[in-house]
>>> print(open('work08.cif').read())   # mmCIF, C-alpha atoms and all ligand atoms
data_my_file
loop_
_atom_site.label_atom_id
_atom_site.label_comp_id
_atom_site.auth_asym_id
_atom_site.auth_seq_id
_atom_site.Cartn_x
_atom_site.Cartn_y
_atom_site.Cartn_z
CA MET A 1180 -56.01 264.03 15.52
CA LYS A 1181 -57.42 262.09 18.45
CA ILE A 1182 -55.52 258.97 19.53
CA ILE A 1183 -57.60 256.31 21.30
CA SER A 1184 -56.43 252.93 22.56
CA SER A 1185 -59.56 251.63 24.26
CA PRO A 1186 -62.14 249.90 22.02
CA LEU A 1187 -65.02 250.98 24.28
CA GLU A 1188 -63.84 254.58 24.35
CA LEU A 1189 -63.65 254.59 20.54
CA LYS A 1190 -67.14 253.10 20.26
CA GLU A 1191 -68.44 255.76 22.62
CA TYR A 1192 -66.65 258.53 20.70
CA LEU A 1193 -68.16 257.42 17.38
CA LYS A 1194 -71.61 256.53 18.73
CA ASP A 1195 -73.53 259.67 17.87
CA CYS A 1196 -71.47 260.87 14.95
CA ASN A 1197 -73.86 261.53 12.12
CA LYS A 1198 -71.15 261.38 9.52
CA THR A 1199 -69.96 258.90 6.94
CA VAL A 1200 -66.97 257.10 8.45
CA GLY A 1201 -64.05 255.80 6.38
CA PHE A 1202 -61.82 253.19 8.02
CA VAL A 1203 -58.31 252.05 7.09
CA PRO A 1204 -57.06 249.13 9.23
CA THR A 1205 -53.27 248.67 9.24
CA MET A 1206 -50.52 246.88 11.13
CA GLY A 1207 -48.33 250.00 11.12
CA ALA A 1208 -44.99 250.59 9.35
CA LEU A 1209 -47.00 252.82 7.03
CA HIS A 1210 -45.76 253.42 3.48
CA GLU A 1211 -47.06 255.10 0.32
CA GLY A 1212 -49.45 252.19 -0.25
CA HIS A 1213 -51.18 252.89 3.09
CA ILE A 1214 -51.12 256.61 2.31
CA SER A 1215 -53.06 256.00 -0.89
CA LEU A 1216 -55.72 254.09 1.14
CA ILE A 1217 -55.82 256.96 3.64
CA LYS A 1218 -56.16 259.57 0.89
CA LYS A 1219 -58.98 257.70 -0.82
CA ALA A 1220 -60.83 257.17 2.47
CA LYS A 1221 -60.36 260.86 3.31
CA ARG A 1222 -61.84 261.93 -0.03
CA GLU A 1223 -64.84 259.63 0.20
CA ASN A 1224 -65.94 260.12 3.82
CA GLU A 1225 -66.65 262.86 6.34
CA LEU A 1226 -64.68 261.27 9.18
CA LEU A 1227 -61.55 259.14 8.87
CA VAL A 1228 -60.42 256.45 11.32
CA VAL A 1229 -57.14 254.56 10.93
CA SER A 1230 -56.11 251.68 13.18
CA ILE A 1231 -52.59 250.49 13.89
CA PHE A 1232 -52.50 247.06 15.47
CA LEU A 1233 -49.90 244.38 14.87
CA ASN A 1234 -52.28 241.45 15.09
CA PRO A 1235 -50.52 238.41 16.58
CA THR A 1236 -53.21 235.88 15.64
CA GLN A 1237 -52.54 236.18 11.90
CA PHE A 1238 -48.87 235.24 12.25
CA LEU A 1239 -48.03 231.55 12.37
CA LYS A 1240 -45.34 230.10 14.63
CA GLY A 1241 -41.90 230.98 13.26
CA GLU A 1242 -43.19 233.87 11.11
CA ASP A 1243 -41.92 237.44 11.38
CA LEU A 1244 -44.16 238.79 14.19
CA ASP A 1245 -41.16 239.68 16.39
CA LYS A 1246 -39.19 241.39 13.67
CA TYR A 1247 -42.13 243.06 11.90
CA PRO A 1248 -41.07 246.73 11.39
CA LYS A 1249 -42.41 249.11 14.08
CA LYS A 1250 -42.47 252.83 13.38
CA ASP A 1251 -44.99 254.21 15.85
CA GLU A 1252 -43.87 257.84 15.89
CA ALA A 1253 -43.43 258.08 12.10
CA ASP A 1254 -46.82 256.36 11.65
CA LYS A 1255 -48.54 258.89 13.90
CA LYS A 1256 -47.01 261.73 11.90
CA ILE A 1257 -48.15 260.19 8.60
CA CYS A 1258 -51.69 259.88 9.97
CA GLN A 1259 -51.68 263.46 11.21
CA LEU A 1260 -50.45 264.78 7.86
CA GLY A 1261 -53.01 262.58 6.07
CA GLY A 1262 -55.88 264.32 7.89
CA VAL A 1263 -56.83 261.28 10.00
CA ASP A 1264 -59.46 262.29 12.57
CA VAL A 1265 -59.07 259.34 14.90
CA LEU A 1266 -56.10 256.98 15.24
CA PHE A 1267 -57.04 253.75 17.00
CA PHE A 1268 -53.91 252.36 18.63
CA PRO A 1269 -54.84 249.46 20.92
CA GLN A 1270 -52.62 247.03 22.83
CA ILE A 1271 -53.00 243.24 22.51
CA SER A 1272 -54.83 243.12 25.86
CA ASP A 1273 -57.36 245.67 24.54
CA MET A 1274 -58.21 243.42 21.60
CA TYR A 1275 -57.95 239.87 22.95
CA GLY A 1276 -59.03 238.07 26.11
CA ARG A 1277 -57.72 234.79 27.44
CA ASP A 1278 -60.48 232.56 26.13
CA GLU A 1279 -61.43 233.79 22.70
CA VAL A 1280 -64.28 233.33 20.27
CA SER A 1281 -62.76 233.34 16.80
CA LEU A 1282 -63.83 233.18 13.18
CA LEU A 1283 -62.88 230.39 10.79
CA ALA A 1284 -61.98 231.18 7.21
CA PRO A 1285 -64.14 229.33 4.64
CA LYS A 1286 -62.90 225.80 3.96
CA VAL A 1287 -62.23 226.25 0.24
CA ARG A 1288 -61.42 229.89 -0.46
CA GLY A 1289 -59.60 230.30 2.85
CA PHE A 1290 -57.32 227.31 2.43
CA VAL A 1291 -55.94 227.65 -1.09
CA LEU A 1292 -52.91 229.73 -2.11
CA GLU A 1293 -51.87 231.92 0.84
CA GLY A 1294 -54.24 229.92 3.05
CA ALA A 1295 -52.54 226.65 2.07
CA SER A 1296 -49.01 227.81 2.82
CA ARG A 1297 -50.14 229.66 5.98
CA ALA A 1298 -52.94 227.49 7.42
CA GLY A 1299 -54.76 229.50 10.10
CA HIS A 1300 -53.53 232.89 8.88
CA PHE A 1301 -56.91 233.95 7.52
CA ASN A 1302 -58.72 232.88 10.70
CA GLY A 1303 -56.62 235.50 12.48
CA VAL A 1304 -57.19 238.12 9.79
CA LEU A 1305 -60.97 237.65 9.71
CA THR A 1306 -61.25 237.65 13.49
CA ILE A 1307 -59.34 240.90 13.95
CA VAL A 1308 -61.05 242.62 11.01
CA MET A 1309 -64.44 241.61 12.42
CA LYS A 1310 -63.49 243.04 15.83
CA LEU A 1311 -62.20 246.27 14.26
CA LEU A 1312 -65.30 246.69 12.08
CA ASN A 1313 -67.55 246.13 15.10
CA ILE A 1314 -65.67 248.77 17.07
CA VAL A 1315 -65.52 251.43 14.34
CA ASN A 1316 -68.78 250.57 12.54
CA PRO A 1317 -67.57 252.39 9.41
CA THR A 1318 -69.54 253.30 6.31
CA ARG A 1319 -66.61 252.15 4.14
CA ALA A 1320 -63.46 250.15 4.90
CA TYR A 1321 -60.45 250.21 2.59
CA PHE A 1322 -58.18 247.26 1.70
CA GLY A 1323 -55.35 246.95 -0.82
CA LYS A 1324 -55.69 244.71 -3.88
CA LYS A 1325 -52.12 243.49 -3.29
CA ASP A 1326 -53.51 241.20 -0.57
CA ALA A 1327 -56.11 239.95 -3.02
CA GLN A 1328 -57.15 236.84 -1.11
CA GLN A 1329 -57.47 238.78 2.15
CA LEU A 1330 -59.61 241.37 0.38
CA ASN A 1331 -61.78 238.65 -1.17
CA LEU A 1332 -62.31 236.87 2.16
CA ILE A 1333 -63.13 240.08 4.02
CA ALA A 1334 -65.66 241.05 1.34
CA LEU A 1335 -67.16 237.53 1.58
CA MET A 1336 -67.32 237.72 5.39
CA THR A 1337 -69.14 241.06 5.39
CA LYS A 1338 -71.58 239.77 2.77
CA GLN A 1339 -72.26 236.40 4.41
CA LEU A 1340 -72.60 237.92 7.88
CA PHE A 1341 -74.96 240.61 6.53
CA MET A 1342 -72.79 243.49 7.69
CA SER A 1343 -73.60 246.93 6.36
CA VAL A 1344 -70.05 248.17 5.71
CA THR A 1345 -68.92 248.68 2.10
CA ILE A 1346 -65.53 247.11 1.37
CA VAL A 1347 -63.52 249.30 -0.99
CA PRO A 1348 -60.63 247.71 -2.95
CA VAL A 1349 -57.66 249.99 -3.62
CA ASP A 1350 -55.11 249.53 -6.43
CA THR A 1351 -51.59 248.35 -5.60
CA LEU A 1352 -48.89 251.01 -5.49
CA ARG A 1353 -45.45 250.20 -6.88
CA ASP A 1354 -42.03 251.77 -6.44
CA ALA A 1355 -40.18 253.27 -9.42
CA ASP A 1356 -38.79 249.81 -10.31
CA GLY A 1357 -42.21 248.15 -10.24
CA LEU A 1358 -41.97 246.34 -6.89
CA ALA A 1359 -45.34 246.34 -5.10
CA LEU A 1360 -45.08 248.40 -1.90
CA SER A 1361 -45.15 246.33 1.29
CA SER A 1362 -43.93 246.83 4.86
CA ARG A 1363 -41.93 243.63 4.35
CA ASN A 1364 -39.83 245.23 1.56
CA ALA A 1365 -37.85 246.79 4.44
CA TYR A 1366 -36.30 243.33 5.03
CA LEU A 1367 -34.71 243.20 1.54
CA SER A 1368 -31.01 243.84 1.01
CA PRO A 1369 -30.11 245.73 -2.22
CA SER A 1370 -29.25 242.48 -4.01
CA GLU A 1371 -32.47 240.83 -2.77
CA LYS A 1372 -34.43 243.85 -3.97
CA LYS A 1373 -32.99 243.23 -7.45
CA GLU A 1374 -34.03 239.56 -7.27
CA ALA A 1375 -37.48 240.58 -6.05
CA LEU A 1376 -38.07 242.53 -9.27
CA LYS A 1377 -38.53 239.17 -11.00
CA ILE A 1378 -41.95 239.07 -9.34
CA PRO A 1379 -43.53 242.15 -11.01
CA ALA A 1380 -41.61 241.29 -14.19
CA SER A 1381 -43.27 237.84 -14.26
CA LEU A 1382 -46.68 239.51 -13.98
CA TYR A 1383 -45.73 241.87 -16.80
CA ILE A 1384 -44.88 238.84 -18.95
CA ALA A 1385 -48.29 237.39 -18.11
CA SER A 1386 -50.13 240.58 -19.08
CA LYS A 1387 -48.14 240.80 -22.34
CA MET A 1388 -49.12 237.21 -23.19
CA VAL A 1389 -52.78 238.00 -22.53
CA SER A 1390 -52.54 241.11 -24.72
CA LYS A 1391 -51.32 238.75 -27.49
CA ASN A 1392 -54.40 236.61 -26.89
CA ILE A 1393 -52.55 233.78 -25.15
CA MET A 1394 -55.18 232.82 -22.58
CA SER A 1395 -54.05 229.37 -21.43
CA SER A 1396 -53.31 229.48 -17.67
CA LYS A 1397 -50.80 226.65 -18.08
CA GLU A 1398 -48.82 228.45 -20.78
CA ILE A 1399 -48.84 231.70 -18.84
CA THR A 1400 -47.85 230.22 -15.48
CA ASN A 1401 -45.08 228.15 -17.13
CA ALA A 1402 -43.60 231.32 -18.66
CA MET A 1403 -43.88 233.09 -15.30
CA ARG A 1404 -42.22 230.22 -13.41
CA GLU A 1405 -39.38 230.20 -15.93
CA HIS A 1406 -38.81 233.89 -15.35
CA LEU A 1407 -39.03 233.60 -11.56
CA ALA A 1408 -36.32 230.90 -11.33
CA PRO A 1409 -34.33 230.47 -9.14
CA LEU A 1410 -36.64 232.12 -6.57
CA GLU A 1411 -38.44 229.74 -4.23
CA ILE A 1412 -42.02 229.91 -5.49
CA SER A 1413 -44.92 229.23 -3.09
CA TYR A 1414 -47.49 229.58 -5.85
CA VAL A 1415 -48.13 231.04 -9.28
CA GLU A 1416 -51.82 230.74 -9.91
CA ILE A 1417 -54.56 232.06 -12.17
CA VAL A 1418 -57.99 232.33 -10.55
CA ASN A 1419 -61.32 233.97 -11.19
CA ARG A 1420 -62.72 236.61 -8.82
CA GLU A 1421 -64.21 233.78 -6.72
CA PHE A 1422 -60.69 232.44 -6.23
CA GLU A 1423 -61.33 229.29 -8.25
CA SER A 1424 -58.54 228.02 -10.52
CA ILE A 1425 -59.35 228.62 -14.17
CA LYS A 1426 -57.92 226.93 -17.28
CA ASN A 1427 -58.05 230.09 -19.38
CA VAL A 1428 -57.88 233.77 -18.54
CA GLU A 1429 -61.35 235.34 -18.54
CA LEU A 1430 -61.08 239.07 -19.20
CA LYS A 1431 -62.52 241.22 -16.37
CA ASN A 1432 -62.78 238.13 -14.14
CA THR A 1433 -59.18 237.05 -13.55
CA ILE A 1434 -56.47 237.54 -10.95
CA ILE A 1435 -52.95 236.27 -11.60
CA LEU A 1436 -51.12 235.76 -8.32
CA VAL A 1437 -47.54 235.06 -7.28
CA GLU A 1438 -45.96 234.39 -3.93
CA ALA A 1439 -42.22 233.82 -3.84
CA LYS A 1440 -39.50 233.90 -1.24
CA VAL A 1441 -36.58 236.28 -1.68
CA GLY A 1442 -33.94 235.45 0.91
CA GLU A 1443 -36.07 234.97 4.03
CA THR A 1444 -38.83 237.31 2.88
CA ARG A 1445 -42.10 236.11 1.37
CA LEU A 1446 -43.47 238.56 -1.17
CA LEU A 1447 -46.91 238.62 -2.77
CA ASP A 1448 -48.03 240.33 -5.91
CA ASN A 1449 -50.84 240.05 -8.44
CA ILE A 1450 -52.57 241.65 -11.38
CA TRP A 1451 -56.29 241.89 -12.02
CA LEU A 1452 -57.34 241.39 -15.64
O1 LIG B 1 -53.42 243.90 5.66
C1 LIG B 1 -53.12 244.14 6.84
O2 LIG B 1 -52.36 245.04 7.16
C2 LIG B 1 -53.74 243.27 7.94
O3 LIG B 1 -53.90 241.96 7.50
C3 LIG B 1 -55.05 243.84 8.51
C4 LIG B 1 -56.14 243.88 7.45
C5 LIG B 1 -54.82 245.24 9.05
C6 LIG B 1 -55.55 242.94 9.66
O4 LIG B 1 -54.61 242.85 10.68
#
>>> encode(input="work08.cif", output="structure tokens")
Amino acid sequence: MKIISSPLELKEYLKDCNKTVGFVPTMGALHEGHISLIKKAKRENELLVVSIFLNPTQFLKGEDLDKYPKKDEADKKICQLGGVDVLFFPQISDMYGRDEVSLLAPKVRGFVLEGASRAGHFNGVLTIVMKLLNIVNPTRAYFGKKDAQQLNLIALMTKQLFMSVTIVPVDTLRDADGLALSSRNAYLSPSEKKEALKIPASLYIASKMVSKNIMSSKEITNAMREHLAPLEISYVEIVNREFESIKNVELKNTIILVEAKVGETRLLDNIWL
């Protein structure tokens, strides 16, 4: 596995490669969820690039940038074992200058839900993903469905900016208890972990209701909120694949999303119906 930290060196390295390139961007602290992205990208492409970059511009003031888990050596090992060909491992100064051009998330889709509680977050995400895609120029880039709004906005960006990369959504991985895997789960104490299980359980309740033909978003979100109490809920929302609120679940066109705080940790989860 080649490890490269300079964007220009990576561009040069990939310039004449006549292979399909799969790309998995990450912020490190790799877990089974990342490994499933890596495995899928490995299967579907001839060359695999993974990036590890803890992107400061997507964290708002007071968020967990400073305490975000760092596991550089373990991450490198995971990449090596996963058959990664190139690990891109830049420093902040490699990725950002002092006076920066940056992208703005779309005014509607970028500022509801996660974008409403974290105004500016998606500007940072889109800017770094754009930079990474321009450096790697991959055939396919892989993103988890757990960050559904991020995935949606990245797919929209690549479409609206006429980029040739294919964005590949990857299913959420859960632990044995049903909790969606996330680097932030490392913050949870055992009792918080128990509380956090209310989140996937609320989504299970929602899917059960839909299987009984209860399609009203209001009825479903009320039942979910009841189950989530007393967690601090940022949002429980039912949207279509365009991220517009919908009054009734539309099969094959619906995402049910939750964000709630457990202790000091914000956790996201969703199901796609
Ligand atoms: O999902 C993440 O880990 C990050 O938001 C991403 C896409 C790597 C951009 O920093």
>>> residues_around(input="work08.cif", residues="Asp1264 of chain A", least_positions_apart="2", cutoff="7 Å", atoms="all atoms listed in the file", output="PyMOL selection string")
chain A and resi 1180-1181+1226-1228+1262+1266
>>> residues_near_ligand(input="work08.cif", ligand="ligand LIG 1 (chain B)", cutoff="7 Å", atoms="only C-alpha atoms and all ligand atoms", output="ChimeraX atom specification")
/A:1204-1206,1232-1234,1304,1307-1308,1322,1326
>>> closest_residue(input="work08.cif", among="A:Leu1340, A:Ala1359, A:Leu1332, A:Ile1450", to="Asn1432 of chain A", atoms="all atoms listed in the file")
A:Ile1450
>>> residues_near_point(input="work08.cif", point="(-63.8, 226.4, 6.5)", cutoff="12 Å", atoms="all atoms listed in the file", output="PDB file with C-alpha atoms, in the frame of the given file")
ATOM      1  CA  LEU A1282     -63.830 233.180  13.180  1.00  0.00           C
ATOM      2  CA  LEU A1283     -62.880 230.390  10.790  1.00  0.00           C
ATOM      3  CA  ALA A1284     -61.980 231.180   7.210  1.00  0.00           C
ATOM      4  CA  PRO A1285     -64.140 229.330   4.640  1.00  0.00           C
ATOM      5  CA  LYS A1286     -62.900 225.800   3.960  1.00  0.00           C
ATOM      6  CA  VAL A1287     -62.230 226.250   0.240  1.00  0.00           C
ATOM      7  CA  ARG A1288     -61.420 229.890  -0.460  1.00  0.00           C
ATOM      8  CA  GLY A1289     -59.600 230.300   2.850  1.00  0.00           C
ATOM      9  CA  PHE A1290     -57.320 227.310   2.430  1.00  0.00           C
ATOM     10  CA  VAL A1291     -55.940 227.650  -1.090  1.00  0.00           C
ATOM     11  CA  GLY A1294     -54.240 229.920   3.050  1.00  0.00           C
ATOM     12  CA  ALA A1298     -52.940 227.490   7.420  1.00  0.00           C
ATOM     13  CA  GLY A1299     -54.760 229.500  10.100  1.00  0.00           C
ATOM     14  CA  PHE A1301     -56.910 233.950   7.520  1.00  0.00           C
ATOM     15  CA  ASN A1302     -58.720 232.880  10.700  1.00  0.00           C
ATOM     16  CA  LEU A1332     -62.310 236.870   2.160  1.00  0.00           C
ATOM     17  CA  MET A1336     -67.320 237.720   5.390  1.00  0.00           C
TER      18      MET A1336
END
>>> axis_aligned_box(input="work08.cif", around="segment 1427-1434 of chain A", padding_each_side="8 Å", output="AutoDock Vina command-line options")
--center_x -59.6 --center_y 235.7 --center_z -15.2 --size_x 22.3 --size_y 27.1 --size_z 24.4
>>> closest_residue(input="work08.cif", among="A:Ala1220, A:Ala1408, A:Ala1327, A:Leu1382", to="Thr1351 of chain A", atoms="only C-alpha atoms")
A:Ala1327
>>> residues_near_point(input="work08.cif", point="(-57.0, 263.9, 1.1)", cutoff="12 Å", atoms="all atoms listed in the file", output="ChimeraX atom specification")
/A:1201,1214-1227,1258-1264
>>> residues_around(input="work08.cif", residues="segment 1416-1422 of chain A", least_positions_apart="4", cutoff="10 Å", atoms="all atoms listed in the file", output="count of residues only")
33
>>> closest_residue(input="work08.cif", among="A:Lys1250, A:Asn1316, A:Met1388, A:Ser1272", to="Ser1343 of chain A", atoms="all atoms listed in the file")
A:Asn1316
>>> atom_distance(input="work08.cif", atom1="atom CA of Thr1236 of chain A", atom2="atom CA of Glu1279 of chain A")
11.0 Å
>>> closest_residue(input="work08.cif", among="A:Glu1242, A:Glu1293, A:Glu1188, A:Asp1356", to="Glu1443 of chain A", atoms="all atoms listed in the file")
A:Glu1242
>>> atom_distance(input="work08.cif", atom1="atom CA of Ser1296 of chain A", atom2="atom CA of Ile1412 of chain A")
11.1 Å
>>> atom_distance(input="work08.cif", atom1="atom CA of Arg1319 of chain A", atom2="atom CA of Gln1339 of chain A")
16.7 Å
>>> closest_residue(input="work08.cif", among="A:Pro1317, A:Gln1329, A:Phe1341, A:Ser1381", to="Cys1196 of chain A", atoms="all atoms listed in the file")
A:Pro1317
>>> closest_residue(input="work08.cif", among="A:Gly1357, A:Gly1241, A:Pro1248, A:Pro1235", to="Gly1207 of chain A", atoms="all atoms listed in the file")
A:Pro1248
